[in-house]
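In what follows, a single structure is set out as structure tokens and then discussed.
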Amino acid sequence: MAVQYIEAKNVNLTFTPPNRMPVTALQGFDVAVGEGEFVSIVGPSGCGKSTFLNVLLGLIKPNSGEMAINGNPVSGPGRDRAMVFQEFGLLPWRTVLDNIGLAPELRGVGKRQRRALCQSFIDMVGLSGFEAHYPHELSGGMKQRVGIARALVSDPDVLLMDEPFAALDAQTRDIMQAELLRIWQEAKKTVLFVTHQIEEAVYLSDRVIVMTKRPGRTKTIIDIPLKRPRDYEMRVTPEFNELKLRIWNELKDEIDTQGGPQL
Amino acid sequence: MNANETPAVEISERSFYDRYESLILGTTFIVLVLVIWQLVPSVFTLSKGMKLFFATPTMVVGALGDLIESGKIWPAVQFSATAFGVGLGLSIIVALPAGVILGRSQLINDMVDPFITSINATPRLVFLPLILIWFGIGMWSVIVVVFIGAVFPLLINTYEGVKNADKLLINVVKSYGATEWEINKLVVLPNSMPFIIAGLRLAIGRAVLGVVVAEFFGGSSKGIGVIMVRASGTFQVDVVFAGLIMFMAISLVLTGIVRAIEARFSRWRPQETKNY
Ligand SMILES: Nc1ncnc2c1ncn2[C@@H]1O[C@H](COP(=O)(O)OP(=O)(O)O)[C@@H](O)[C@H]1O
Ligand SMILES: [Mg+2]
């Protein structure tokens with residue numbers, strides 16, 4: 001197999017919280033994503049999806065395993081990666097513009113240049129006119145638009161997204177999914193997208209990685225051969241539903257139904 | 001669309017009373033208390049001894065006027081204010097960085113926590129004899145008493161705020177390569193601002209108390225507190241009250257300053273509205 005753009009091999013990670021039982025979140029986890037590909041990870045709640053993204057982002061050190069982006073080993077946060085967080089992670093005391101300009105600010109880019117740099121991304125995510133707003137003045141969907149713009153401004157090669165639309169209502173979610181596809185095509189990034197919603201994974205992805213329950217490993221990888229650009233109608237085609245069913249069949253054995261359904 | 005449009009309209013719609021409600025109520029109450037106080041001697045007949053110890057608001061204002069006119073008060077005010085300012089300033093310079101370091105480093109926190117907790121639990125007055133021996137009677141003793149009083153509430157509050165800083169936001173800036181210094185500047189400090197302001201409030205109270213205590217209990221031979229103690233020795237109740245009013249006025253001004261700081265740092269917050 002050719003060298004992949006994102007490559008994680010045999011990643012193991014055990015949390016050892018003080019005064020509590022150790023938790024093995026990842027065990028022998030492998031991921032390979034090609035350049036420009038959109039890959040989703042689905043898995044039961046608590047199987048280690050967020051943990052893996054944080055490891056790849058460079059915020060958590062795994063106990064063992066190899067990870068590389070475009071051949072460069074991951075050893076900490078880096079400019080080649082940016083994350084979009086489920087709970088948005090906007091700094092509430094900063095305006096939209098200053099939230100989006102965070103990465104260039106940390107790189108030492110001056111105020112005026114930063115503004116110019118941010119503007120095209122503000123336009124891209126449809127937030128023109130809201131530059132001076134504070135996060136509490138925005139709806140959930142708009143907050144995540146800020147989150148996406150902030151990640152894109154740092155000009156990463158890889159966009160990591162941790163259930164970015166899970167906190168949104170159903171309609172906003174549908175809109176944001178379509179928006180994300182548009183932005184992805186425009187910005188040409190490699191995306192690793194975590195979700196627990198099967199339909200979302202099928203709609204967005206080139207491939208879907210199904211994880212086992214904790215400790216998380218790859219169970220199967222399912223190709224999504226649906227043509228692009230994709231539209232909303234595609235979601236009611238038999239092909240689409242067949243893919244959903246296949247993923248569901250893989251996933252259902254992993255879900256602990258004792259505490260009620262988790263999907 | 002303009003962000004400022006909506007609130008501006010709301011404000012102009014509020015009536016004069018609505019806008020200044022707390023101010024009007026507060027002033028009314030103070031005026032009421034003063035009037036009742038002033039009327040006490042004309043309503044009750046006070047015994048001779050009681051009369052000696054009683055001063056009406058007009059007498060107090062007179063004494064205050066005398067102190068200001070004779071110029072006797074200014075060196076005292078200057079002394080007390082300097083001791084207060086330097087002591088509080090030092091406590092801020094020490095408490096903020098120390099609070100951040102303690103809140104961010106579990107190791108250092110484990111090391112010094114018992115020490116801080118035990119000193120904080122001790123009434124600061126017990127240090128006074130020691131301070132007098134080490135620093136002598138004068139400005140530095142008062143400064144040190146102020147410092148010891150003010151530094152702990154500020155330190156402990158800063159520490160609490162820092163420890164509770166939003167982990168997600170810290171991760172966000174970290175993921176963009178922020179250094180520890182940048183994490184503190186961009187997330188930890190703004191995030192702990194409500195705690196720090198509350199600490200500052202407490203610290204100012206303790207600092208004023210420190211000036212009073214140090215000056216009352218022989219820490220210096222100057223200052224407003226000293227004037228009060230001397231006046232009380234000669235039963236000049238109106239002068240004692242005048243000193244008290246000076247302290248109250250200072251505290252009031254300082255509270256106003258803290259409010260202004262607080263407003264400066266919470267401009268981004270949702271406007272609070274009365275919902276009743
Ligand atoms: N910092 C941590 N300390 C201890 N345990 C953790 C920590 N972070 C995550 N875990 C545990 O690791 C497991 C995987 O968590 P996570 O990656 O958040 O799951 P999810 O797949 O739902 O995103 C969970 O059981 C969680 O409780
Ligand atoms: Mg998660």
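Ligands are numbered from 1 in the order shown, residues from 1 within each chain, and chains are lettered A, B, ... in the order they appear in the structure tokens.
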
Contacts of ligand 1, 6 Å or closer, only C-alpha atoms and all ligand atoms, given as a PyMOL selection string: chain A and resi 15+17+23+25+45-51

Okay, now the selection with C-alpha atoms, as a CSV table (one decimal), in the first residue's frame?
chain,number,residue,atom,x,y,z
A,15,PHE,CA,-5.5,6.8,30.8
A,17,PRO,CA,-6.3,9.0,36.3
A,23,VAL,CA,-8.9,3.2,31.1
A,25,ALA,CA,-9.0,4.1,25.3
A,45,SER,CA,-19.9,6.5,22.6
A,46,GLY,CA,-16.8,6.3,24.7
A,47,CYS,CA,-14.8,4.1,22.3
A,48,GLY,CA,-11.9,6.6,22.0
A,49,LYS,CA,-12.8,8.7,19.0
A,50,SER,CA,-12.1,12.1,20.6
A,51,THR,CA,-9.1,10.6,22.3

Non-local contacts of segment 51-61 of chain B (6 Å; only C-alpha atoms; under 3 positions in same chain excluded) as a ChimeraX atom specification: /B:38,46,48,64,237-238,242

I need the contact residues of chain A against chain B, so if you could list those with any atom within 10 Å, counting only C-alpha atoms, and return them as an mmCIF file with N, CA, C and O atoms, in the first residue's frame, that would help.
data_model
loop_
_atom_site.group_PDB
_atom_site.id
_atom_site.type_symbol
_atom_site.label_atom_id
_atom_site.label_comp_id
_atom_site.auth_asym_id
_atom_site.auth_seq_id
_atom_site.Cartn_x
_atom_site.Cartn_y
_atom_site.Cartn_z
ATOM 1 N N ASN A 54 -7.436 13.879 19.503
ATOM 2 C CA ASN A 54 -6.532 14.671 20.337
ATOM 3 C C ASN A 54 -5.094 14.176 20.263
ATOM 4 O O ASN A 54 -4.156 14.961 20.357
ATOM 5 N N LEU A 57 -3.883 15.430 17.000
ATOM 6 C CA LEU A 57 -3.699 16.883 17.079
ATOM 7 C C LEU A 57 -2.407 17.225 17.828
ATOM 8 O O LEU A 57 -1.878 18.313 17.700
ATOM 9 N N GLY A 58 -1.939 16.257 18.621
ATOM 10 C CA GLY A 58 -0.696 16.485 19.363
ATOM 11 C C GLY A 58 -0.916 16.957 20.777
ATOM 12 O O GLY A 58 0.013 17.391 21.444
ATOM 13 N N LEU A 59 -2.150 16.863 21.269
ATOM 14 C CA LEU A 59 -2.433 17.317 22.636
ATOM 15 C C LEU A 59 -2.252 16.207 23.659
ATOM 16 O O LEU A 59 -2.008 16.472 24.824
ATOM 17 N N GLY A 76 3.635 16.783 18.588
ATOM 18 C CA GLY A 76 3.011 17.862 19.356
ATOM 19 C C GLY A 76 2.129 18.630 18.395
ATOM 20 O O GLY A 76 2.018 18.246 17.234
ATOM 21 N N PRO A 77 1.491 19.709 18.876
ATOM 22 C CA PRO A 77 0.664 20.497 17.961
ATOM 23 C C PRO A 77 1.501 21.029 16.801
ATOM 24 O O PRO A 77 2.688 21.275 16.962
ATOM 25 N N GLY A 78 0.881 21.151 15.650
ATOM 26 C CA GLY A 78 1.632 21.640 14.503
ATOM 27 C C GLY A 78 0.740 22.384 13.526
ATOM 28 O O GLY A 78 -0.481 22.235 13.557
ATOM 29 N N ARG A 79 1.371 23.156 12.667
ATOM 30 C CA ARG A 79 0.606 23.999 11.744
ATOM 31 C C ARG A 79 -0.101 23.197 10.662
ATOM 32 O O ARG A 79 -0.966 23.720 9.976
ATOM 33 N N ASP A 80 0.302 21.925 10.502
ATOM 34 C CA ASP A 80 -0.315 21.124 9.443
ATOM 35 C C ASP A 80 -1.676 20.561 9.852
ATOM 36 O O ASP A 80 -2.358 19.948 9.042
ATOM 37 N N ARG A 81 -2.074 20.778 11.130
ATOM 38 C CA ARG A 81 -3.358 20.227 11.594
ATOM 39 C C ARG A 81 -4.176 21.288 12.333
ATOM 40 O O ARG A 81 -3.598 22.148 13.005
ATOM 41 N N ALA A 82 -5.488 21.198 12.209
ATOM 42 C CA ALA A 82 -6.352 22.048 13.029
ATOM 43 C C ALA A 82 -7.622 21.286 13.335
ATOM 44 O O ALA A 82 -8.070 20.458 12.548
ATOM 45 N N MET A 83 -8.178 21.563 14.509
ATOM 46 C CA MET A 83 -9.353 20.815 14.963
ATOM 47 C C MET A 83 -10.576 21.725 15.035
ATOM 48 O O MET A 83 -10.480 22.888 15.426
ATOM 49 N N VAL A 84 -11.705 21.150 14.657
ATOM 50 C CA VAL A 84 -12.988 21.807 14.905
ATOM 51 C C VAL A 84 -13.653 21.015 16.030
ATOM 52 O O VAL A 84 -13.824 19.810 15.930
ATOM 53 N N PHE A 85 -13.995 21.724 17.123
ATOM 54 C CA PHE A 85 -14.431 21.051 18.337
ATOM 55 C C PHE A 85 -15.952 20.967 18.450
ATOM 56 O O PHE A 85 -16.664 21.863 17.995
ATOM 57 N N GLU A 87 -17.903 21.302 21.055
ATOM 58 C CA GLU A 87 -18.503 22.400 21.825
ATOM 59 C C GLU A 87 -17.982 23.757 21.357
ATOM 60 O O GLU A 87 -17.928 24.716 22.125
ATOM 61 N N PHE A 88 -17.568 23.825 20.124
ATOM 62 C CA PHE A 88 -17.112 25.042 19.445
ATOM 63 C C PHE A 88 -15.769 25.568 19.949
ATOM 64 O O PHE A 88 -14.892 25.873 19.163
ATOM 65 N N GLY A 89 -15.635 25.701 21.292
ATOM 66 C CA GLY A 89 -14.354 26.171 21.835
ATOM 67 C C GLY A 89 -14.009 27.584 21.431
ATOM 68 O O GLY A 89 -12.835 27.910 21.232
ATOM 69 N N LEU A 90 -15.026 28.455 21.320
ATOM 70 C CA LEU A 90 -14.743 29.855 21.003
ATOM 71 C C LEU A 90 -14.406 30.601 22.291
ATOM 72 O O LEU A 90 -14.982 30.326 23.339
ATOM 73 N N LEU A 91 -13.486 31.552 22.196
ATOM 74 C CA LEU A 91 -13.173 32.366 23.364
ATOM 75 C C LEU A 91 -14.296 33.403 23.514
ATOM 76 O O LEU A 91 -14.457 34.258 22.659
ATOM 77 N N PRO A 92 -15.075 33.310 24.603
ATOM 78 C CA PRO A 92 -16.276 34.136 24.702
ATOM 79 C C PRO A 92 -15.997 35.630 24.796
ATOM 80 O O PRO A 92 -16.868 36.433 24.506
ATOM 81 N N TRP A 93 -14.776 35.995 25.214
ATOM 82 C CA TRP A 93 -14.450 37.423 25.355
ATOM 83 C C TRP A 93 -13.853 38.000 24.071
ATOM 84 O O TRP A 93 -13.379 39.120 24.067
ATOM 85 N N ARG A 94 -13.843 37.209 23.006
ATOM 86 C CA ARG A 94 -13.315 37.711 21.748
ATOM 87 C C ARG A 94 -14.403 37.782 20.695
ATOM 88 O O ARG A 94 -15.281 36.923 20.646
ATOM 89 N N THR A 95 -14.294 38.753 19.821
ATOM 90 C CA THR A 95 -15.257 38.878 18.734
ATOM 91 C C THR A 95 -15.028 37.756 17.732
ATOM 92 O O THR A 95 -14.030 37.035 17.790
ATOM 93 N N LEU A 102 -7.148 33.778 15.627
ATOM 94 C CA LEU A 102 -6.311 33.254 16.719
ATOM 95 C C LEU A 102 -4.982 32.669 16.240
ATOM 96 O O LEU A 102 -3.912 33.018 16.751
ATOM 97 N N ALA A 103 -5.047 31.778 15.243
ATOM 98 C CA ALA A 103 -3.819 31.108 14.804
ATOM 99 C C ALA A 103 -2.808 32.098 14.227
ATOM 100 O O ALA A 103 -1.639 32.083 14.640
ATOM 101 N N PRO A 104 -3.213 32.986 13.297
ATOM 102 C CA PRO A 104 -2.230 33.971 12.817
ATOM 103 C C PRO A 104 -1.709 34.870 13.938
ATOM 104 O O PRO A 104 -0.528 35.219 13.936
ATOM 105 N N GLU A 105 -2.559 35.196 14.901
ATOM 106 C CA GLU A 105 -2.098 36.025 16.020
ATOM 107 C C GLU A 105 -0.981 35.321 16.774
ATOM 108 O O GLU A 105 0.038 35.920 17.119
ATOM 109 N N LEU A 106 -1.173 34.020 17.011
ATOM 110 C CA LEU A 106 -0.143 33.263 17.731
ATOM 111 C C LEU A 106 1.129 33.123 16.899
ATOM 112 O O LEU A 106 2.209 32.896 17.438
ATOM 113 N N ARG A 107 0.987 33.248 15.577
ATOM 114 C CA ARG A 107 2.170 33.190 14.722
ATOM 115 C C ARG A 107 2.842 34.556 14.605
ATOM 116 O O ARG A 107 3.857 34.691 13.934
ATOM 117 N N SER A 128 -20.049 37.181 6.893
ATOM 118 C CA SER A 128 -19.798 38.607 6.644
ATOM 119 C C SER A 128 -20.837 39.440 7.375
ATOM 120 O O SER A 128 -22.027 39.101 7.369
ATOM 121 N N GLY A 129 -20.391 40.499 8.010
ATOM 122 C CA GLY A 129 -21.303 41.355 8.763
ATOM 123 C C GLY A 129 -21.338 41.024 10.238
ATOM 124 O O GLY A 129 -21.864 41.770 11.043
ATOM 125 N N PHE A 130 -20.776 39.869 10.612
ATOM 126 C CA PHE A 130 -20.802 39.463 12.023
ATOM 127 C C PHE A 130 -19.426 39.535 12.677
ATOM 128 O O PHE A 130 -19.233 39.020 13.766
ATOM 129 N N GLU A 131 -18.495 40.193 12.000
ATOM 130 C CA GLU A 131 -17.114 40.224 12.485
ATOM 131 C C GLU A 131 -17.002 40.729 13.916
ATOM 132 O O GLU A 131 -16.178 40.262 14.691
ATOM 133 N N ALA A 132 -17.844 41.724 14.264
ATOM 134 C CA ALA A 132 -17.704 42.362 15.581
ATOM 135 C C ALA A 132 -18.604 41.733 16.641
ATOM 136 O O ALA A 132 -18.655 42.191 17.765
ATOM 137 N N HIS A 133 -19.309 40.666 16.261
ATOM 138 C CA HIS A 133 -20.181 40.020 17.236
ATOM 139 C C HIS A 133 -19.390 39.151 18.194
ATOM 140 O O HIS A 133 -18.345 38.619 17.856
ATOM 141 N N TYR A 134 -19.938 38.995 19.402
ATOM 142 C CA TYR A 134 -19.352 38.072 20.368
ATOM 143 C C TYR A 134 -20.071 36.727 20.264
ATOM 144 O O TYR A 134 -21.247 36.687 19.869
ATOM 145 N N PRO A 135 -19.398 35.639 20.645
ATOM 146 C CA PRO A 135 -20.016 34.312 20.502
ATOM 147 C C PRO A 135 -21.418 34.200 21.092
ATOM 148 O O PRO A 135 -22.283 33.563 20.492
ATOM 149 N N HIS A 136 -21.659 34.838 22.238
ATOM 150 C CA HIS A 136 -22.988 34.678 22.842
ATOM 151 C C HIS A 136 -24.088 35.324 22.003
ATOM 152 O O HIS A 136 -25.274 35.094 22.253
ATOM 153 N N GLU A 137 -23.683 36.119 21.015
ATOM 154 C CA GLU A 137 -24.690 36.745 20.155
ATOM 155 C C GLU A 137 -25.004 35.894 18.920
ATOM 156 O O GLU A 137 -25.771 36.317 18.071
ATOM 157 N N ALA A 151 -10.313 27.247 12.072
ATOM 158 C CA ALA A 151 -9.416 26.149 11.709
ATOM 159 C C ALA A 151 -8.821 26.376 10.315
ATOM 160 O O ALA A 151 -7.636 26.139 10.097
ATOM 161 N N SER A 154 -5.807 28.926 9.802
ATOM 162 C CA SER A 154 -4.459 28.482 10.143
ATOM 163 C C SER A 154 -3.838 27.702 8.984
ATOM 164 O O SER A 154 -2.697 27.266 9.063
#

Contacts of Asn249 of chain A within 12 Å, only C-alpha atoms, excl. fewer than 6 positions in-chain, as a PyMOL selection string: chain A and resi 198+210+219-220+222+242-243+255

Segment 213-246 of chain A: which residues are helix (DSSP H, G or I) by DSSP, as an mmCIF file with N, CA, C and O atoms, in the first residue's frame?
data_model
loop_
_atom_site.group_PDB
_atom_site.id
_atom_site.type_symbol
_atom_site.label_atom_id
_atom_site.label_comp_id
_atom_site.auth_asym_id
_atom_site.auth_seq_id
_atom_site.Cartn_x
_atom_site.Cartn_y
_atom_site.Cartn_z
ATOM 1 N N TYR A 232 -29.029 16.825 -1.222
ATOM 2 C CA TYR A 232 -29.911 16.317 -0.195
ATOM 3 C C TYR A 232 -30.743 15.133 -0.683
ATOM 4 O O TYR A 232 -30.973 14.177 0.060
ATOM 5 N N GLU A 233 -31.153 15.183 -1.967
ATOM 6 C CA GLU A 233 -31.999 14.103 -2.501
ATOM 7 C C GLU A 233 -31.314 12.738 -2.467
ATOM 8 O O GLU A 233 -31.957 11.704 -2.334
ATOM 9 N N MET A 234 -30.021 12.777 -2.568
ATOM 10 C CA MET A 234 -29.246 11.550 -2.564
ATOM 11 C C MET A 234 -29.501 10.707 -1.323
ATOM 12 O O MET A 234 -29.381 9.493 -1.317
ATOM 13 N N ARG A 235 -29.919 11.385 -0.268
ATOM 14 C CA ARG A 235 -30.096 10.700 1.007
ATOM 15 C C ARG A 235 -31.280 9.734 1.007
ATOM 16 O O ARG A 235 -31.407 8.923 1.916
ATOM 17 N N VAL A 236 -32.173 9.863 0.017
ATOM 18 C CA VAL A 236 -33.321 8.957 0.009
ATOM 19 C C VAL A 236 -33.180 7.883 -1.066
ATOM 20 O O VAL A 236 -34.099 7.118 -1.305
ATOM 21 N N PRO A 238 -31.885 4.318 -2.750
ATOM 22 C CA PRO A 238 -31.640 2.976 -2.189
ATOM 23 C C PRO A 238 -30.156 2.738 -1.888
ATOM 24 O O PRO A 238 -29.826 2.150 -0.863
ATOM 25 N N GLU A 239 -29.302 3.234 -2.785
ATOM 26 C CA GLU A 239 -27.854 3.078 -2.570
ATOM 27 C C GLU A 239 -27.433 3.624 -1.216
ATOM 28 O O GLU A 239 -26.682 3.013 -0.470
ATOM 29 N N PHE A 240 -27.923 4.839 -0.949
ATOM 30 C CA PHE A 240 -27.557 5.548 0.272
ATOM 31 C C PHE A 240 -27.994 4.746 1.495
ATOM 32 O O PHE A 240 -27.237 4.516 2.432
ATOM 33 N N ASN A 241 -29.254 4.276 1.408
ATOM 34 C CA ASN A 241 -29.790 3.548 2.553
ATOM 35 C C ASN A 241 -29.107 2.203 2.759
ATOM 36 O O ASN A 241 -28.955 1.736 3.878
ATOM 37 N N GLU A 242 -28.680 1.611 1.645
ATOM 38 C CA GLU A 242 -27.962 0.344 1.750
ATOM 39 C C GLU A 242 -26.639 0.530 2.500
ATOM 40 O O GLU A 242 -26.269 -0.278 3.347
ATOM 41 N N LEU A 243 -25.958 1.651 2.179
ATOM 42 C CA LEU A 243 -24.698 1.958 2.867
ATOM 43 C C LEU A 243 -24.932 2.194 4.355
ATOM 44 O O LEU A 243 -24.189 1.722 5.208
ATOM 45 N N LYS A 244 -26.032 2.913 4.641
ATOM 46 C CA LYS A 244 -26.362 3.171 6.038
ATOM 47 C C LYS A 244 -26.563 1.864 6.791
ATOM 48 O O LYS A 244 -26.079 1.681 7.905
ATOM 49 N N LEU A 245 -27.303 0.963 6.115
ATOM 50 C CA LEU A 245 -27.613 -0.319 6.745
ATOM 51 C C LEU A 245 -26.348 -1.139 6.994
ATOM 52 O O LEU A 245 -26.190 -1.769 8.046
ATOM 53 N N ARG A 246 -25.449 -1.102 6.020
ATOM 54 C CA ARG A 246 -24.198 -1.859 6.184
ATOM 55 C C ARG A 246 -23.418 -1.366 7.393
ATOM 56 O O ARG A 246 -22.891 -2.138 8.189
#

Just the residues within 9 Å of Leu202 of chain B, please, counting only C-alpha atoms, with nothing from its chain fewer than 6 positions along; format it as a list in words.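 The residues satisfying every condition are Ala150, Pro153 and Leu154 of chain B.
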
What would the file look like if the residues just selected were written as a compact mmCIF listing (two decimals), in the first residue's frame with all heavy atoms?
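To be explicit, this is the file written out as result_36.txt:
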# COMPACT_ATOMS: atom_id res chain seq x y z
N ALA B 150 -3.93 41.75 52.33
CA ALA B 150 -4.51 41.78 50.99
C ALA B 150 -4.05 40.61 50.12
O ALA B 150 -4.77 40.17 49.23
CB ALA B 150 -4.17 43.10 50.31
N PRO B 153 -6.35 36.80 50.10
CA PRO B 153 -7.60 36.65 49.34
C PRO B 153 -7.38 36.73 47.84
O PRO B 153 -7.99 35.98 47.07
CB PRO B 153 -8.48 37.81 49.82
CG PRO B 153 -7.63 38.66 50.68
CD PRO B 153 -6.42 37.89 51.09
N LEU B 154 -6.48 37.62 47.43
CA LEU B 154 -6.23 37.77 46.01
C LEU B 154 -5.55 36.52 45.44
O LEU B 154 -5.92 36.01 44.38
CB LEU B 154 -5.36 39.01 45.78
CG LEU B 154 -5.32 39.55 44.36
CD1 LEU B 154 -6.71 39.77 43.81
CD2 LEU B 154 -4.53 40.85 44.32

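Counting only C-alpha atoms and comparing A:Gly108, A:Pro44, A:Gly34, A:Gly101, the residue that lies closest to Ile148 of chain A is A:Gly101.
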
Residues at most 10 Å from segment 75-91 of chain B, counting only C-alpha atoms, excluding those fewer than 2 positions away in the same chain, as a ChimeraX atom specification? /B:71-73,93-96,138-155,200,203-204,206-212,215,220-227,243,246-247,250

Apply DSSP to the backbone of this structure and, from segment 41-248 of chain A, keep only the residues in strand (DSSP E); write these as a count of residues only. 36

Point-to-point distance in Å for atom CA of Gln144 of chain A and atom CA of Phe165 of chain A: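 Between atom CA of Phe165 of chain A and atom CA of Gln144 of chain A the gap is 7.7 Å.
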
Residues at most 9 Å from Phe52 of chain A, counting only C-alpha atoms, excluding those fewer than 5 positions away in the same chain, as a list of chain:residue names?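 Once the adjacent positions are removed, what remains is A:Val11, A:Leu13, A:Ala25, A:Leu26, A:Phe29, A:Leu57, A:Ile60, A:Pro62.
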
Restricting the calculation to only C-alpha atoms and all ligand atoms: of A:Ala116, A:Ile41, A:Leu97, A:Val158, which residue gets closest to ligand 2?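 Result for the nearest residue to ligand 2: A:Ile41.
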